[in-house]
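What follows is a short report on a single structure.
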Amino acid sequence: MSDFKRYEDRTQAARDLADAIAGALRLAIAERGGASLVVCGGSSPVELFEYLAQAELDWSRVVIVPSDERWVPADDAQSNERMLRDTLLTGRAADAMFVSLYRPTDRPADAVSDVEGALLDVPTPFDVVLLGMGGDGHTASLFPDDPNIERALASNARVIPAEVGPPARMSLGPAYLRAARRIDILVFGDDKKRVHDEAVQPGPLAALPVRSVLNTTNPIPTVHWAE
């Protein structure tokens, strides 16, 4: 069962979570000489990223990886990488190393080996994994309507091509995401809170794939919610 934190508003959630993530990264750098950070896409974390980008820490020792990516070029408006470069990889955080999940191939499946190879150099366990959640219960690009979702949720692979879209997507695997020292899930709005409340109850993982992360116990995830 995850921990659930309520905030007065979305700005307070963004500020507090940015401070907490920055603190975890500083601690990792002090203890291990570097840090790894997985971040989600979408609109919910944009304000958080704008605060986090200004955090005072040695960003040159931080590796940032998106939790998933739409299979479009990095300059496309739909690209998570583009959003991250515009919001997080700016200011002080521009010194961080970024590992892209996108490759110029026709399908995500054609790039799995190459992306997995790039991820071998990322320090694990991840120091911080920041995820979102969709109104359908997906997280990263683990979607309930993916015909291979049950196999994906049972996989130990680092990356998984998602048969959804268009556009197609590439996702970090659930076991890889769970292998973290800290997991935060950012959730906004009453509709998503209802999905969260259902997802923390027993039920099939494939129906609400966020269950695969929400209900892990080591570490216990923290859900950050504001209306």
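So you can find residues: chains in the structure tokens are A, B, ... in the order shown, residues in each start at 1, and ligands are numbered from 1 in order.
For Ala53 of chain A, the residues within 7 Å (counting only C-alpha atoms, excluding itself and residues fewer than 2 positions away along the chain) are Phe49, Glu50, Tyr51, Ala55, Leu88, Leu89, Thr90, Gly91, Arg92 and Ala93 of chain A.
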Exercise: Tyr102 of chain A partners within 7 Å, only C-alpha atoms, chain neighbours under 2 positions left out, as an NGL selection string: :A and (69 or 71 or 100 or 104)
Sel. of alpha helix (DSSP H) residues, segment 117-173 of chain A, as a PyMOL selection string: chain A and resi 117-119+149-154
Could you name the residues that touch segment 143-159 of chain A at 8 Å or less, counting only C-alpha atoms, but leaving out those on the same chain fewer than 4 positions away, as an mmCIF file with N, CA and C atoms, in the first residue's frame?
data_model
loop_
_atom_site.group_PDB
_atom_site.id
_atom_site.type_symbol
_atom_site.label_atom_id
_atom_site.label_comp_id
_atom_site.auth_asym_id
_atom_site.auth_seq_id
_atom_site.Cartn_x
_atom_site.Cartn_y
_atom_site.Cartn_z
ATOM 1 N N VAL A 112 14.889 -1.902 -29.375
ATOM 2 C CA VAL A 112 14.990 -2.400 -28.002
ATOM 3 C C VAL A 112 16.436 -2.666 -27.609
ATOM 4 N N VAL A 115 18.479 0.623 -27.148
ATOM 5 C CA VAL A 115 18.087 1.380 -25.959
ATOM 6 C C VAL A 115 18.532 0.652 -24.695
ATOM 7 N N GLU A 116 18.352 -0.668 -24.661
ATOM 8 C CA GLU A 116 18.797 -1.425 -23.487
ATOM 9 C C GLU A 116 20.299 -1.253 -23.271
ATOM 10 N N LEU A 119 21.051 1.968 -21.571
ATOM 11 C CA LEU A 119 20.633 1.989 -20.174
ATOM 12 C C LEU A 119 21.584 1.221 -19.259
ATOM 13 N N ASP A 136 -7.085 6.007 -17.182
ATOM 14 C CA ASP A 136 -7.382 4.600 -17.443
ATOM 15 C C ASP A 136 -6.539 3.668 -16.583
ATOM 16 N N GLY A 137 -5.746 4.247 -15.674
ATOM 17 C CA GLY A 137 -4.920 3.422 -14.791
ATOM 18 C C GLY A 137 -3.573 3.054 -15.373
ATOM 19 N N HIS A 138 -3.166 3.685 -16.472
ATOM 20 C CA HIS A 138 -1.834 3.372 -17.006
ATOM 21 C C HIS A 138 -0.784 4.187 -16.278
ATOM 22 N N THR A 139 0.436 3.692 -16.305
ATOM 23 C CA THR A 139 1.586 4.448 -15.847
ATOM 24 C C THR A 139 2.731 4.154 -16.794
ATOM 25 N N GLU A 163 2.294 -1.759 -27.722
ATOM 26 C CA GLU A 163 1.475 -1.831 -28.935
ATOM 27 C C GLU A 163 0.199 -1.025 -28.735
ATOM 28 N N VAL A 164 0.378 0.267 -28.638
ATOM 29 C CA VAL A 164 -0.732 1.210 -28.502
ATOM 30 C C VAL A 164 -0.475 2.345 -29.483
ATOM 31 N N MET A 170 7.561 3.430 -26.343
ATOM 32 C CA MET A 170 8.526 2.590 -25.644
ATOM 33 C C MET A 170 8.429 2.918 -24.163
ATOM 34 N N SER A 171 8.430 1.889 -23.316
ATOM 35 C CA SER A 171 8.302 2.098 -21.877
ATOM 36 C C SER A 171 9.424 1.397 -21.133
ATOM 37 N N LEU A 172 9.865 1.983 -20.054
ATOM 38 C CA LEU A 172 10.676 1.218 -19.119
ATOM 39 C C LEU A 172 9.807 0.119 -18.528
ATOM 40 N N GLY A 173 10.387 -1.035 -18.274
ATOM 41 C CA GLY A 173 9.631 -2.158 -17.743
ATOM 42 C C GLY A 173 9.267 -1.969 -16.286
ATOM 43 N N PRO A 174 8.174 -2.582 -15.835
ATOM 44 C CA PRO A 174 7.717 -2.383 -14.459
ATOM 45 C C PRO A 174 8.717 -2.864 -13.413
ATOM 46 N N ALA A 175 9.386 -3.982 -13.668
ATOM 47 C CA ALA A 175 10.374 -4.468 -12.696
ATOM 48 C C ALA A 175 11.549 -3.505 -12.607
ATOM 49 N N TYR A 176 11.930 -2.937 -13.734
ATOM 50 C CA TYR A 176 13.023 -1.962 -13.786
ATOM 51 C C TYR A 176 12.632 -0.692 -13.035
ATOM 52 N N LEU A 205 -3.686 -6.828 -12.273
ATOM 53 C CA LEU A 205 -2.753 -5.773 -12.648
ATOM 54 C C LEU A 205 -3.067 -5.231 -14.035
ATOM 55 N N ALA A 206 -3.456 -6.100 -14.948
ATOM 56 C CA ALA A 206 -3.671 -5.682 -16.330
ATOM 57 C C ALA A 206 -4.840 -4.712 -16.460
ATOM 58 N N ALA A 207 -5.793 -4.762 -15.542
ATOM 59 C CA ALA A 207 -6.935 -3.854 -15.613
ATOM 60 C C ALA A 207 -6.528 -2.430 -15.270
ATOM 61 N N LEU A 208 -5.614 -2.295 -14.328
ATOM 62 C CA LEU A 208 -5.085 -0.990 -13.908
ATOM 63 C C LEU A 208 -3.580 -1.164 -13.719
ATOM 64 N N PRO A 209 -2.790 -1.038 -14.781
ATOM 65 C CA PRO A 209 -1.362 -1.339 -14.685
ATOM 66 C C PRO A 209 -0.593 -0.549 -13.640
ATOM 67 N N SER A 212 0.937 -2.242 -10.603
ATOM 68 C CA SER A 212 2.230 -2.926 -10.602
ATOM 69 C C SER A 212 3.298 -2.122 -9.876
#
What lies within 12 Å of Ile21 of chain A using only C-alpha atoms, ignoring chain neighbours under 6 positions off, as number ranges by chain? A: 13-15, 27-28, 35-39, 48-49, 51-53, 55-57, 62, 127-130, 181-185, 222
All strand (DSSP E or B) residues (DSSP, backbone) inside segment 9-182 of chain A, as a ChimeraX atom specification: /A:35-39,62-66,68-70,97-98,126,128-131,139,142,159-162,169-172,180
Spatial neighbours of Ala179 of chain A, 8 Å, only C-alpha atoms, chain gap at least 6 places, as a ChimeraX atom specification: /A:124-126
Hey, can you check how far atom CA of Val223 of chain A sits from atom CA of Met83 of chain A? 22.4 Å
Using only C-alpha atoms, which residue out of A:Asn80, A:Gly34, A:Ala140, A:Leu101 lies closest to Pro123 of chain A? A:Gly34
Which polymer residues have any atom within 10 Å of an atom of Val187 of chain A, counting only C-alpha atoms, with same-chain residues fewer than 3 positions away left out, as a ChimeraX atom specification? /A:6,10,13,44-45,131-135,184,190-193,195-196,223-227
Please produce an output containing N, CA and C atoms for each residue in the selection, written as a PDB file, in the first residue's frame.
ATOM      1  N   ARG A   6      -1.716  14.644   0.549  1.00  0.00           N
ATOM      2  CA  ARG A   6      -2.605  15.656  -0.036  1.00  0.00           C
ATOM      3  C   ARG A   6      -1.947  17.027   0.082  1.00  0.00           C
ATOM      4  N   ARG A  10      -1.908  22.453  -6.632  1.00  0.00           N
ATOM      5  CA  ARG A  10      -0.905  21.796  -7.475  1.00  0.00           C
ATOM      6  C   ARG A  10       0.460  22.467  -7.374  1.00  0.00           C
ATOM      7  N   ALA A  13       2.158  21.115  -4.330  1.00  0.00           N
ATOM      8  CA  ALA A  13       2.636  19.763  -4.608  1.00  0.00           C
ATOM      9  C   ALA A  13       3.915  19.801  -5.426  1.00  0.00           C
ATOM     10  N   SER A  44       1.191  17.054 -16.124  1.00  0.00           N
ATOM     11  CA  SER A  44       1.153  17.189 -14.663  1.00  0.00           C
ATOM     12  C   SER A  44       2.485  17.603 -14.048  1.00  0.00           C
ATOM     13  N   PRO A  45       3.631  17.071 -14.499  1.00  0.00           N
ATOM     14  CA  PRO A  45       4.880  17.418 -13.808  1.00  0.00           C
ATOM     15  C   PRO A  45       5.579  18.666 -14.319  1.00  0.00           C
ATOM     16  N   LEU A 131       6.662   8.981 -11.437  1.00  0.00           N
ATOM     17  CA  LEU A 131       5.689   8.489 -12.404  1.00  0.00           C
ATOM     18  C   LEU A 131       4.414   9.304 -12.322  1.00  0.00           C
ATOM     19  N   GLY A 132       3.625   9.227 -13.378  1.00  0.00           N
ATOM     20  CA  GLY A 132       2.278   9.764 -13.385  1.00  0.00           C
ATOM     21  C   GLY A 132       1.285   8.613 -13.479  1.00  0.00           C
ATOM     22  N   MET A 133       0.033   8.955 -13.633  1.00  0.00           N
ATOM     23  CA  MET A 133      -1.015   7.948 -13.787  1.00  0.00           C
ATOM     24  C   MET A 133      -2.114   8.512 -14.665  1.00  0.00           C
ATOM     25  N   GLY A 134      -2.553   7.744 -15.638  1.00  0.00           N
ATOM     26  CA  GLY A 134      -3.632   8.176 -16.512  1.00  0.00           C
ATOM     27  C   GLY A 134      -4.997   7.830 -15.947  1.00  0.00           C
ATOM     28  N   GLY A 135      -6.006   8.431 -16.504  1.00  0.00           N
ATOM     29  CA  GLY A 135      -7.372   8.157 -16.065  1.00  0.00           C
ATOM     30  C   GLY A 135      -7.823   6.741 -16.327  1.00  0.00           C
ATOM     31  N   ASP A 184       7.926   8.085  -6.489  1.00  0.00           N
ATOM     32  CA  ASP A 184       6.893   9.093  -6.293  1.00  0.00           C
ATOM     33  C   ASP A 184       5.927   9.035  -7.469  1.00  0.00           C
ATOM     34  N   ASP A 190      -9.841  14.986  -9.124  1.00  0.00           N
ATOM     35  CA  ASP A 190     -10.715  14.018  -8.453  1.00  0.00           C
ATOM     36  C   ASP A 190     -10.893  12.743  -9.261  1.00  0.00           C
ATOM     37  N   ASP A 191     -10.942  12.855 -10.587  1.00  0.00           N
ATOM     38  CA  ASP A 191     -11.130  11.652 -11.404  1.00  0.00           C
ATOM     39  C   ASP A 191      -9.971  10.682 -11.219  1.00  0.00           C
ATOM     40  N   LYS A 192      -8.759  11.198 -11.230  1.00  0.00           N
ATOM     41  CA  LYS A 192      -7.616  10.307 -11.054  1.00  0.00           C
ATOM     42  C   LYS A 192      -7.511   9.786  -9.626  1.00  0.00           C
ATOM     43  N   LYS A 193      -7.979  10.568  -8.653  1.00  0.00           N
ATOM     44  CA  LYS A 193      -7.988  10.060  -7.285  1.00  0.00           C
ATOM     45  C   LYS A 193      -8.900   8.847  -7.178  1.00  0.00           C
ATOM     46  N   VAL A 195      -9.491   6.713  -9.535  1.00  0.00           N
ATOM     47  CA  VAL A 195      -8.741   5.600 -10.133  1.00  0.00           C
ATOM     48  C   VAL A 195      -7.696   5.095  -9.145  1.00  0.00           C
ATOM     49  N   HIS A 196      -6.997   6.006  -8.503  1.00  0.00           N
ATOM     50  CA  HIS A 196      -6.017   5.608  -7.493  1.00  0.00           C
ATOM     51  C   HIS A 196      -6.669   4.782  -6.397  1.00  0.00           C
ATOM     52  N   VAL A 223       2.287   8.684  -3.128  1.00  0.00           N
ATOM     53  CA  VAL A 223       1.402   9.341  -4.085  1.00  0.00           C
ATOM     54  C   VAL A 223       1.212  10.775  -3.621  1.00  0.00           C
ATOM     55  N   HIS A 224       1.425  11.714  -4.534  1.00  0.00           N
ATOM     56  CA  HIS A 224       1.282  13.127  -4.227  1.00  0.00           C
ATOM     57  C   HIS A 224       0.069  13.636  -4.993  1.00  0.00           C
ATOM     58  N   TRP A 225      -0.957  14.061  -4.268  1.00  0.00           N
ATOM     59  CA  TRP A 225      -2.241  14.410  -4.900  1.00  0.00           C
ATOM     60  C   TRP A 225      -2.676  15.833  -4.534  1.00  0.00           C
ATOM     61  N   ALA A 226      -3.194  16.512  -5.526  1.00  0.00           N
ATOM     62  CA  ALA A 226      -3.859  17.790  -5.300  1.00  0.00           C
ATOM     63  C   ALA A 226      -5.044  17.865  -6.279  1.00  0.00           C
ATOM     64  N   GLU A 227      -6.051  18.579  -5.883  1.00  0.00           N
ATOM     65  CA  GLU A 227      -7.242  18.695  -6.748  1.00  0.00           C
ATOM     66  C   GLU A 227      -6.938  19.514  -7.989  1.00  0.00           C
TER      67      GLU A 227
END
